$ cat target.cif   # mmCIF, C-alpha atoms
data_my_file
#
loop_
_atom_site.group_PDB
_atom_site.id
_atom_site.type_symbol
_atom_site.label_atom_id
_atom_site.label_comp_id
_atom_site.auth_asym_id
_atom_site.auth_seq_id
_atom_site.Cartn_x
_atom_site.Cartn_y
_atom_site.Cartn_z
ATOM 1 C CA MET R 140 26.915 -35.506 82.381
ATOM 2 C CA ILE R 141 26.679 -31.730 82.027
ATOM 3 C CA ARG R 142 28.520 -31.980 78.713
ATOM 4 C CA LYS R 143 25.958 -34.501 77.515
ATOM 5 C CA ILE R 144 23.029 -32.246 78.453
ATOM 6 C CA LEU R 145 24.749 -29.267 76.832
ATOM 7 C CA TYR R 146 25.331 -31.294 73.673
ATOM 8 C CA ARG R 147 21.679 -32.372 73.643
ATOM 9 C CA LEU R 148 20.564 -28.752 73.971
ATOM 10 C CA PHE R 149 23.096 -27.259 71.562
ATOM 11 C CA PRO R 150 24.142 -29.920 69.049
ATOM 12 C CA HIS R 151 25.420 -27.188 66.774
ATOM 13 C CA PRO R 152 26.417 -24.100 68.828
ATOM 14 C CA GLN R 153 27.411 -22.001 65.807
ATOM 15 C CA LEU R 154 24.049 -22.613 64.163
ATOM 16 C CA THR R 155 22.274 -21.666 67.405
ATOM 17 C CA PHE R 156 24.294 -18.464 67.576
ATOM 18 C CA PHE R 157 23.554 -17.488 63.979
ATOM 19 C CA LEU R 158 19.850 -18.304 64.311
ATOM 20 C CA LEU R 159 19.664 -16.032 67.358
ATOM 21 C CA LEU R 160 21.584 -13.296 65.541
ATOM 22 C CA ILE R 161 19.417 -13.503 62.417
ATOM 23 C CA TRP R 162 16.237 -13.544 64.508
ATOM 24 C CA LEU R 163 17.301 -10.378 66.337
ATOM 25 C CA LEU R 164 18.211 -8.692 63.052
ATOM 26 C CA LEU R 165 14.860 -9.711 61.580
ATOM 27 C CA VAL R 166 12.726 -8.299 64.393
ATOM 28 C CA ASN R 167 15.050 -5.269 64.555
ATOM 29 C CA ASN R 168 14.239 -4.797 68.238
ATOM 30 C CA LEU R 169 16.498 -5.873 71.101
ATOM 31 C CA THR R 170 14.315 -6.902 74.052
ATOM 32 C CA VAL R 171 14.563 -9.776 76.540
ATOM 33 C CA GLY R 172 11.458 -11.356 75.026
ATOM 34 C CA ASN R 173 12.977 -11.418 71.567
ATOM 35 C CA VAL R 174 16.248 -12.866 72.852
ATOM 36 C CA VAL R 175 14.311 -15.663 74.593
ATOM 37 C CA LEU R 176 12.255 -16.344 71.468
ATOM 38 C CA GLY R 177 15.449 -16.362 69.388
ATOM 39 C CA LEU R 178 17.048 -18.811 71.811
ATOM 40 C CA ILE R 179 13.997 -21.092 71.645
ATOM 41 C CA LEU R 180 14.306 -21.113 67.841
ATOM 42 C CA GLY R 181 18.054 -21.620 68.193
ATOM 43 C CA VAL R 182 17.500 -24.728 70.315
ATOM 44 C CA LEU R 183 14.521 -26.178 68.420
ATOM 45 C CA ILE R 184 15.740 -25.813 64.838
ATOM 46 C CA PRO R 185 19.216 -27.413 65.241
ATOM 47 C CA GLY R 186 17.636 -30.139 67.394
ATOM 48 C CA ILE R 187 15.094 -31.059 64.716
ATOM 49 C CA THR R 188 17.419 -30.696 61.725
ATOM 50 C CA GLN R 189 20.458 -32.325 63.317
ATOM 51 C CA PRO R 190 20.469 -35.373 60.988
ATOM 52 C CA PHE R 191 21.067 -32.984 58.098
ATOM 53 C CA TRP R 192 24.273 -31.586 59.636
ATOM 54 C CA PRO R 193 26.568 -34.580 59.929
ATOM 55 C CA ASN R 194 29.809 -32.596 59.757
ATOM 56 C CA ARG R 195 30.634 -29.321 61.430
ATOM 57 C CA PRO R 196 32.642 -26.950 59.255
ATOM 58 C CA LYS R 197 35.705 -25.911 61.186
ATOM 59 C CA VAL R 198 36.792 -22.311 60.955
ATOM 60 C CA ALA R 199 40.341 -22.344 62.217
ATOM 61 C CA ARG R 200 40.981 -18.595 62.183
ATOM 62 C CA PRO R 201 37.859 -16.387 62.583
ATOM 63 C CA LEU R 202 39.915 -13.169 62.410
ATOM 64 C CA LYS R 203 41.317 -14.180 59.024
ATOM 65 C CA ALA R 204 37.765 -14.903 57.907
ATOM 66 C CA ALA R 205 36.697 -11.338 58.756
ATOM 67 C CA GLN R 206 39.721 -10.032 56.862
ATOM 68 C CA TYR R 207 38.764 -12.221 53.908
ATOM 69 C CA ILE R 208 35.193 -10.844 53.886
ATOM 70 C CA LEU R 209 36.504 -7.256 53.748
ATOM 71 C CA LEU R 210 38.890 -8.164 50.918
ATOM 72 C CA VAL R 211 36.058 -9.759 48.932
ATOM 73 C CA LEU R 212 33.745 -6.765 49.523
ATOM 74 C CA TRP R 213 36.416 -4.461 48.127
ATOM 75 C CA ASP R 214 36.985 -6.776 45.159
ATOM 76 C CA ILE R 215 33.248 -6.824 44.440
ATOM 77 C CA CYS R 216 33.254 -3.022 44.075
ATOM 78 C CA VAL R 217 36.251 -3.234 41.740
ATOM 79 C CA ALA R 218 34.581 -6.084 39.816
ATOM 80 C CA ASN R 219 31.446 -4.022 39.276
ATOM 81 C CA VAL R 220 33.385 -1.152 37.743
ATOM 82 C CA ALA R 221 35.515 -3.508 35.620
ATOM 83 C CA VAL R 222 32.495 -5.375 34.233
ATOM 84 C CA ALA R 223 30.624 -2.089 33.682
ATOM 85 C CA ARG R 224 33.532 -0.821 31.591
ATOM 86 C CA ILE R 225 33.621 -3.961 29.488
ATOM 87 C CA ILE R 226 29.860 -3.750 28.908
ATOM 88 C CA LEU R 227 29.954 -0.075 27.989
ATOM 89 C CA PHE R 228 33.155 0.357 26.019
ATOM 90 C CA LYS R 229 33.968 -2.967 24.377
ATOM 91 C CA THR R 230 32.246 -4.441 21.358
ATOM 92 C CA ASN R 231 31.210 -8.069 21.597
ATOM 93 C CA ALA R 232 33.720 -9.079 18.943
ATOM 94 C CA ASN R 233 36.521 -7.438 20.908
ATOM 95 C CA THR R 234 35.722 -9.239 24.151
ATOM 96 C CA HIS R 235 37.798 -12.398 24.546
ATOM 97 C CA SER R 236 35.730 -14.738 26.688
ATOM 98 C CA GLN R 237 37.207 -18.078 27.574
ATOM 99 C CA TRP R 238 37.168 -21.050 29.908
ATOM 100 C CA ILE R 239 39.775 -21.344 32.622
ATOM 101 C CA VAL R 240 40.657 -24.493 34.565
ATOM 102 C CA VAL R 241 41.661 -23.871 38.169
ATOM 103 C CA PRO R 242 43.319 -26.825 39.929
ATOM 104 C CA LEU R 243 42.254 -26.918 43.581
ATOM 105 C CA ASP R 244 44.388 -27.385 46.663
ATOM 106 C CA LEU R 245 41.358 -27.093 48.933
ATOM 107 C CA ARG R 246 39.705 -30.297 50.091
ATOM 108 C CA SER R 247 36.861 -29.380 52.433
ATOM 109 C CA PRO R 248 33.467 -28.905 50.712
ATOM 110 C CA GLU R 249 32.756 -25.674 52.614
ATOM 111 C CA ALA R 250 36.024 -24.073 51.507
ATOM 112 C CA ILE R 251 35.423 -25.046 47.860
ATOM 113 C CA THR R 252 31.891 -23.603 48.057
ATOM 114 C CA VAL R 253 33.187 -20.310 49.433
ATOM 115 C CA LEU R 254 35.901 -20.166 46.768
ATOM 116 C CA ALA R 255 33.378 -20.837 43.990
ATOM 117 C CA GLY R 256 31.099 -18.111 45.342
ATOM 118 C CA THR R 257 33.974 -15.662 45.622
ATOM 119 C CA ILE R 258 35.056 -16.311 42.041
ATOM 120 C CA THR R 259 31.528 -15.611 40.804
ATOM 121 C CA MET R 260 31.315 -12.327 42.730
ATOM 122 C CA THR R 261 34.721 -10.960 41.653
ATOM 123 C CA PRO R 262 36.295 -9.468 38.501
ATOM 124 C CA GLY R 263 34.940 -10.901 35.275
ATOM 125 C CA THR R 264 34.771 -14.553 36.317
ATOM 126 C CA VAL R 265 31.891 -16.980 36.921
ATOM 127 C CA THR R 266 32.265 -20.480 38.353
ATOM 128 C CA ALA R 267 30.561 -22.944 36.045
ATOM 129 C CA MET R 268 31.405 -26.470 37.151
ATOM 130 C CA LEU R 269 33.455 -28.684 39.419
ATOM 131 C CA SER R 270 35.284 -31.757 38.121
ATOM 132 C CA ALA R 271 33.863 -35.116 39.174
ATOM 133 C CA ASP R 272 36.717 -35.738 41.604
ATOM 134 C CA ALA R 273 36.516 -32.197 43.070
ATOM 135 C CA GLN R 274 40.100 -31.410 42.045
ATOM 136 C CA HIS R 275 39.457 -28.772 39.399
ATOM 137 C CA LEU R 276 37.138 -25.831 38.982
ATOM 138 C CA LEU R 277 35.790 -24.688 35.598
ATOM 139 C CA VAL R 278 35.631 -20.903 35.458
ATOM 140 C CA HIS R 279 34.260 -18.727 32.691
ATOM 141 C CA CYS R 280 36.163 -15.498 32.152
ATOM 142 C CA LEU R 281 34.415 -12.559 30.475
ATOM 143 C CA ASP R 282 37.431 -10.788 29.049
ATOM 144 C CA SER R 283 41.044 -11.808 29.427
ATOM 145 C CA GLU R 284 44.155 -11.757 27.300
ATOM 146 C CA ASP R 285 46.045 -13.973 29.705
ATOM 147 C CA PRO R 286 44.043 -16.835 31.271
ATOM 148 C CA ASP R 287 47.067 -18.108 33.215
ATOM 149 C CA ALA R 288 47.360 -14.802 35.055
ATOM 150 C CA VAL R 289 43.689 -14.963 36.066
ATOM 151 C CA ARG R 290 44.154 -18.524 37.335
ATOM 152 C CA ASP R 291 47.234 -17.572 39.339
ATOM 153 C CA GLU R 292 45.443 -14.595 40.849
ATOM 154 C CA ILE R 293 42.525 -16.750 41.971
ATOM 155 C CA LYS R 294 44.912 -19.257 43.513
ATOM 156 C CA HIS R 295 47.078 -16.673 45.181
ATOM 157 C CA ARG R 296 44.527 -14.094 46.279
ATOM 158 C CA TYR R 297 41.626 -16.278 47.409
ATOM 159 C CA GLU R 298 42.528 -19.940 47.641
ATOM 160 C CA ARG R 299 45.658 -19.377 49.730
ATOM 161 C CA ARG R 300 43.647 -17.350 52.271
ATOM 162 C CA LEU R 301 40.789 -19.887 52.359
ATOM 163 C CA LYS R 302 43.273 -22.657 52.992
ATOM 164 C CA GLU R 303 44.506 -20.764 56.038
ATOM 165 C CA ILE R 304 40.946 -20.178 57.273
ATOM 166 C CA PHE R 305 39.480 -23.649 56.800
ATOM 167 C CA GLU R 306 42.348 -26.112 56.917
ATOM 168 C CA MET F 82 24.539 18.022 58.649
ATOM 169 C CA GLU F 83 21.156 17.107 57.195
ATOM 170 C CA ILE F 84 22.016 18.519 53.810
ATOM 171 C CA PHE F 85 25.234 16.521 53.814
ATOM 172 C CA ALA F 86 23.323 13.320 54.598
ATOM 173 C CA GLU F 87 20.853 14.114 51.846
ATOM 174 C CA ILE F 88 23.663 14.514 49.328
ATOM 175 C CA VAL F 89 25.261 11.215 50.315
ATOM 176 C CA ILE F 90 21.927 9.382 50.186
ATOM 177 C CA SER F 91 21.075 10.773 46.754
ATOM 178 C CA LEU F 92 24.548 9.904 45.506
ATOM 179 C CA MET F 93 24.129 6.316 46.716
ATOM 180 C CA LEU F 94 20.707 6.069 45.059
ATOM 181 C CA VAL F 95 22.083 7.383 41.763
ATOM 182 C CA ILE F 96 25.049 4.979 41.867
ATOM 183 C CA GLY F 97 22.707 2.087 42.703
ATOM 184 C CA GLY F 98 20.353 3.005 39.885
ATOM 185 C CA LEU F 99 23.176 3.374 37.389
ATOM 186 C CA PHE F 100 24.647 -0.036 38.154
ATOM 187 C CA GLY F 101 21.225 -1.677 38.073
ATOM 188 C CA LEU F 102 20.679 -0.149 34.639
ATOM 189 C CA LEU F 103 24.136 -1.266 33.483
ATOM 190 C CA GLY F 104 23.449 -4.833 34.599
ATOM 191 C CA SER F 105 20.226 -4.929 32.586
ATOM 192 C CA PHE F 106 21.908 -3.296 29.594
ATOM 193 C CA GLY F 107 24.678 -5.899 29.693
ATOM 194 C CA LEU F 108 22.035 -8.612 29.634
ATOM 195 C CA ILE F 109 20.801 -7.263 26.277
ATOM 196 C CA LYS F 110 24.155 -6.346 24.787
ATOM 197 C CA LEU F 111 26.273 -9.427 25.434
ATOM 198 C CA ASP F 112 25.595 -12.226 22.983
ATOM 199 C CA ASP F 113 26.204 -15.562 24.662
ATOM 200 C CA THR F 114 24.540 -17.098 27.741
ATOM 201 C CA MET F 115 27.773 -17.552 29.671
ATOM 202 C CA ARG F 116 28.788 -13.961 28.950
ATOM 203 C CA ARG F 117 25.371 -12.659 29.849
ATOM 204 C CA LEU F 118 25.694 -14.231 33.274
ATOM 205 C CA HIS F 119 28.493 -11.801 34.125
ATOM 206 C CA ALA F 120 26.325 -8.705 33.884
ATOM 207 C CA PRO F 121 23.559 -9.473 36.391
ATOM 208 C CA THR F 122 25.761 -11.295 38.942
ATOM 209 C CA LYS F 123 28.081 -8.319 39.335
ATOM 210 C CA ALA F 124 26.582 -5.020 38.289
ATOM 211 C CA THR F 125 23.474 -5.841 40.279
ATOM 212 C CA THR F 126 25.303 -6.457 43.570
ATOM 213 C CA LEU F 127 26.615 -2.907 43.625
ATOM 214 C CA GLY F 128 23.257 -1.647 42.337
ATOM 215 C CA VAL F 129 21.343 -3.237 45.180
ATOM 216 C CA GLY F 130 24.184 -2.401 47.598
ATOM 217 C CA GLY F 131 23.962 1.313 46.802
ATOM 218 C CA VAL F 132 20.207 1.392 47.428
ATOM 219 C CA LEU F 133 20.618 -0.551 50.696
ATOM 220 C CA ILE F 134 23.309 1.813 52.011
ATOM 221 C CA ALA F 135 21.089 4.766 51.092
ATOM 222 C CA SER F 136 18.176 3.156 52.929
ATOM 223 C CA MET F 137 20.249 2.519 56.071
ATOM 224 C CA LEU F 138 21.549 6.091 56.099
ATOM 225 C CA TYR F 139 18.067 7.499 55.567
ATOM 226 C CA PHE F 140 16.561 5.601 58.467
ATOM 227 C CA ALA F 141 19.524 6.365 60.738
ATOM 228 C CA VAL F 142 19.592 10.106 60.035
ATOM 229 C CA PHE F 143 15.979 11.096 59.378
ATOM 230 C CA MET F 144 13.904 8.491 61.195
ATOM 231 C CA GLY F 145 16.206 8.225 64.168
ATOM 232 C CA ASP F 146 16.329 4.429 64.368
ATOM 233 C CA VAL F 147 18.920 2.117 62.889
ATOM 234 C CA SER F 148 17.505 -0.605 60.675
ATOM 235 C CA TYR F 149 19.417 -3.869 60.349
ATOM 236 C CA HIS F 150 17.262 -5.464 57.677
ATOM 237 C CA GLU F 151 19.597 -4.120 55.004
ATOM 238 C CA LEU F 152 22.486 -6.111 56.460
ATOM 239 C CA LEU F 153 20.397 -9.276 56.235
ATOM 240 C CA ILE F 154 19.396 -8.511 52.641
ATOM 241 C CA THR F 155 23.081 -8.019 51.778
ATOM 242 C CA ALA F 156 24.071 -11.285 53.437
ATOM 243 C CA PHE F 157 21.308 -13.280 51.714
ATOM 244 C CA LEU F 158 22.119 -11.650 48.383
ATOM 245 C CA PHE F 159 25.790 -12.565 48.643
ATOM 246 C CA ILE F 160 24.923 -16.136 49.529
ATOM 247 C CA THR F 161 22.293 -16.654 46.825
ATOM 248 C CA ALA F 162 23.702 -14.712 43.834
ATOM 249 C CA PRO F 163 26.666 -17.036 43.099
ATOM 250 C CA ILE F 164 24.515 -20.139 43.577
ATOM 251 C CA THR F 165 21.867 -18.869 41.162
ATOM 252 C CA ALA F 166 24.581 -18.009 38.634
ATOM 253 C CA ASN F 167 26.047 -21.490 39.017
ATOM 254 C CA PHE F 168 22.633 -23.130 38.483
ATOM 255 C CA VAL F 169 21.953 -21.085 35.360
ATOM 256 C CA ALA F 170 25.433 -21.895 34.027
ATOM 257 C CA LYS F 171 24.952 -25.626 34.660
ATOM 258 C CA ALA F 172 21.518 -25.738 33.047
ATOM 259 C CA HIS F 173 22.919 -23.914 30.029
ATOM 260 C CA MET F 174 25.888 -26.278 29.767
ATOM 261 C CA HIS F 175 23.687 -29.352 29.947
ATOM 262 C CA ARG F 176 21.525 -28.071 27.100
ATOM 263 C CA ASP F 177 23.913 -26.315 24.744
ATOM 264 C CA VAL F 178 27.552 -27.014 25.563
ATOM 265 C CA LYS F 179 29.276 -30.210 24.435
ATOM 266 C CA GLU F 180 32.006 -31.623 26.621
ATOM 267 C CA ARG F 181 34.509 -31.456 23.759
ATOM 268 C CA ASP F 182 34.105 -27.667 23.655
ATOM 269 C CA LEU F 183 35.382 -27.360 27.216
ATOM 270 C CA PRO F 184 39.026 -27.507 28.297
ATOM 271 C CA ARG F 185 40.176 -30.823 29.810
ATOM 272 C CA THR F 186 40.267 -31.055 33.595
ATOM 273 C CA GLY F 187 43.850 -32.265 33.586
ATOM 274 C CA GLY F 188 42.955 -34.914 36.132
ATOM 275 C CA ARG F 189 41.652 -38.482 35.919
ATOM 276 C CA TYR F 190 38.011 -37.443 35.764
ATOM 277 C CA GLY F 191 35.999 -35.067 33.604
ATOM 278 C CA TRP F 192 33.645 -32.300 34.655
ATOM 279 C CA ALA F 193 30.967 -33.261 37.159
ATOM 280 C CA GLY F 194 28.083 -32.537 34.792
ATOM 281 C CA TYR F 195 29.406 -34.938 32.147
ATOM 282 C CA ASP F 196 31.470 -37.552 33.918
ATOM 283 C CA GLU F 197 30.252 -40.300 36.233
ATOM 284 C CA ILE F 198 32.218 -41.397 39.238
ATOM 285 C CA GLY F 199 31.641 -44.475 41.362
ATOM 286 C CA ASP F 200 30.289 -44.239 44.894
ATOM 287 C CA GLU F 201 33.363 -45.814 46.444
ATOM 288 C CA GLU F 202 35.596 -43.278 44.719
ATOM 289 C CA GLN F 203 33.773 -40.173 45.925
ATOM 290 C CA PRO F 204 36.514 -37.676 46.754
ATOM 291 C CA ILE F 205 34.558 -35.721 49.369
ATOM 292 C CA ASP F 206 33.054 -37.563 52.295
ATOM 293 C CA THR F 207 29.405 -36.551 52.164
ATOM 294 C CA LYS F 208 27.990 -39.392 54.222
#

$ encode --input "target.cif" --output "structure tokens"
Amino acid sequence: MIRKILYRLFPHPQLTFFLLLIWLLLVNNLTVGNVVLGLILGVLIPGITQPFWPNRPKVARPLKAAQYILLVLWDICVANVAVARIILFKTNANTHSQWIVVPLDLRSPEAITVLAGTITMTPGTVTAMLSADAQHLLVHCLDSEDPDAVRDEIKHRYERRLKEIFE
Amino acid sequence: MEIFAEIVISLMLVIGGLFGLLGSFGLIKLDDTMRRLHAPTKATTLGVGGVLIASMLYFAVFMGDVSYHELLITAFLFITAPITANFVAKAHMHRDVKERDLPRTGGRYGWAGYDEIGDEEQPIDTK
């Protein structure tokens, strides 16, 4: 009975939590009134939009996720410097851009989305397309002599960690 | 202490400005749409990041209150930048890239933008 009421109130507890968090960050002012208002939003919005959230993404290891975020932040800084160097010091004719195919081991849509986003944010690669059966990712690489090495790095550095987090 | 904070803030602003400039320069210099995408998606993140860190430090040290809006801007930026890049890439591929110019998927089906797949064969359960 209580479980049922709780489920009615919080059909998506994570979403409620993040709505409250984002509301508090937005108003930038921690008072009881703002917490209550944030909670009201956190109950109303998931309740109304529930039909749009049929599946709940499962995060199996939150600590690993935090670790992953730090790793990606560091890689973004490195990526910026690497791309800046290519832009500044390499002529267009000397830059070897090419397509790379990355076979995926991930199956959950959320994990694939995060991987695609990570690839875009990190050294010299942009995700362009997914294959129709969601088994391969098409990645454009700005400058690489060895596409296989880039593919292996993506698989080893990011996909392996995402698999641990999501699956 | 204040002078130290001022130095760090100015340094962050200069770094942010430099990377913003580099991103825009890359947009002019590189010669192909897919290549051009690399410049703004990356150089700009550090450009905006530098300015945001400077802004947080400034408000914390000189105004005496911590502002969290910068964290939100960072989060939204990191969520939206790859998606925008992906949309631009897809639009470009639909207009100007033929499927035969792309590498094969190596699987049974082609790339999502070019290949159709039946409803009953959908690999990811989206219902």

$ residues_near_point --input "target.cif" --point "(27.0, -11.4, 18.8)" --cutoff "12 Å" --atoms "only C-alpha atoms" --output "ChimeraX atom specification"
/R:230-234 /F:109-114,116-117

$ atom_distance --input "target.cif" --atom1 "atom CA of R:Ala288" --atom2 "atom CA of R:Ile239"
10.3 Å

$ atom_distance --input "target.cif" --atom1 "atom CA of F:Leu183" --atom2 "atom CA of R:Glu292"
21.2 Å

$ residues_around --input "target.cif" --residues "stretch 276-284 of chain R" --least-positions-apart "2" --cutoff "9 Å" --atoms "only C-alpha atoms" --output "PyMOL selection string"
(chain R and resi 222+225+233-243+255+258-259+262-270+273-274+286+288-289) or (chain F and resi 115-116+119+183-184+186+192)

$ interface_residues --input "target.cif" --of "chain F" --to "chain R" --cutoff "9 Å" --atoms "all atoms listed in the file" --output "JSON, numbers by chain"
{"F": [100, 103, 104, 106, 107, 110, 111, 112, 115, 116, 118, 119, 120, 122, 123, 124, 125, 126, 127, 147, 148, 149, 150, 152, 153, 159, 160, 162, 163, 164, 166, 167, 168, 169, 170, 171, 174, 183, 184, 185, 186, 187, 188, 189, 190, 191, 192, 193, 194, 195, 196, 197, 198, 202, 203, 204, 205, 206, 207, 208]}

$ atom_distance --input "target.cif" --atom1 "atom CA of R:Thr155" --atom2 "atom CA of R:Tyr297"
28.3 Å

$ closest_residue --input "target.cif" --among "R:Ile187, R:Val182, R:Leu210, R:Leu202" --to "R:Glu303" --atoms "all atoms listed in the file"
R:Leu202

$ resolve_selection --input "target.cif" --expression "the PyMOL selection byres ((chain F and resi 133-140) around 9)" --output "VMD selection string"
chain F and resid 86 to 87 89 to 94 97 128 to 132 141 to 152 154 to 155

$ resolve_selection --input "target.cif" --expression "the PyMOL selection byres ((chain R and resi 159) around 10)" --output "mmCIF file with C-alpha atoms, in the frame of the given file"
data_model
loop_
_atom_site.group_PDB
_atom_site.id
_atom_site.type_symbol
_atom_site.label_atom_id
_atom_site.label_comp_id
_atom_site.auth_asym_id
_atom_site.auth_seq_id
_atom_site.Cartn_x
_atom_site.Cartn_y
_atom_site.Cartn_z
ATOM 1 C CA GLN R 153 27.411 -22.001 65.807
ATOM 2 C CA LEU R 154 24.049 -22.613 64.163
ATOM 3 C CA THR R 155 22.274 -21.666 67.405
ATOM 4 C CA PHE R 156 24.294 -18.464 67.576
ATOM 5 C CA PHE R 157 23.554 -17.488 63.979
ATOM 6 C CA LEU R 158 19.850 -18.304 64.311
ATOM 7 C CA LEU R 160 21.584 -13.296 65.541
ATOM 8 C CA ILE R 161 19.417 -13.503 62.417
ATOM 9 C CA TRP R 162 16.237 -13.544 64.508
ATOM 10 C CA LEU R 163 17.301 -10.378 66.337
ATOM 11 C CA LEU R 164 18.211 -8.692 63.052
ATOM 12 C CA LEU R 165 14.860 -9.711 61.580
ATOM 13 C CA ASN R 173 12.977 -11.418 71.567
ATOM 14 C CA VAL R 174 16.248 -12.866 72.852
ATOM 15 C CA VAL R 175 14.311 -15.663 74.593
ATOM 16 C CA LEU R 176 12.255 -16.344 71.468
ATOM 17 C CA GLY R 177 15.449 -16.362 69.388
ATOM 18 C CA LEU R 178 17.048 -18.811 71.811
ATOM 19 C CA ILE R 179 13.997 -21.092 71.645
ATOM 20 C CA LEU R 180 14.306 -21.113 67.841
ATOM 21 C CA GLY R 181 18.054 -21.620 68.193
ATOM 22 C CA VAL R 182 17.500 -24.728 70.315
#

$ residues_around --input "target.cif" --residues "R:Ile304" --least-positions-apart "2" --cutoff "7 Å" --atoms "all atoms listed in the file" --output "list in words"
Val198, Ala199, Arg200, Lys203, Ala204, Arg300, Leu301, Lys302 and Glu306 of chain R

$ closest_residue --input "target.cif" --among "R:Leu183, R:Gln189, R:Asp291, R:Thr170" --to "R:His151" --atoms "all atoms listed in the file"
R:Gln189

$ closest_residue --input "target.cif" --among "R:Arg290, R:Lys143, R:Arg299, R:Lys229" --to "R:Ile251" --atoms "all atoms listed in the file"
R:Arg299
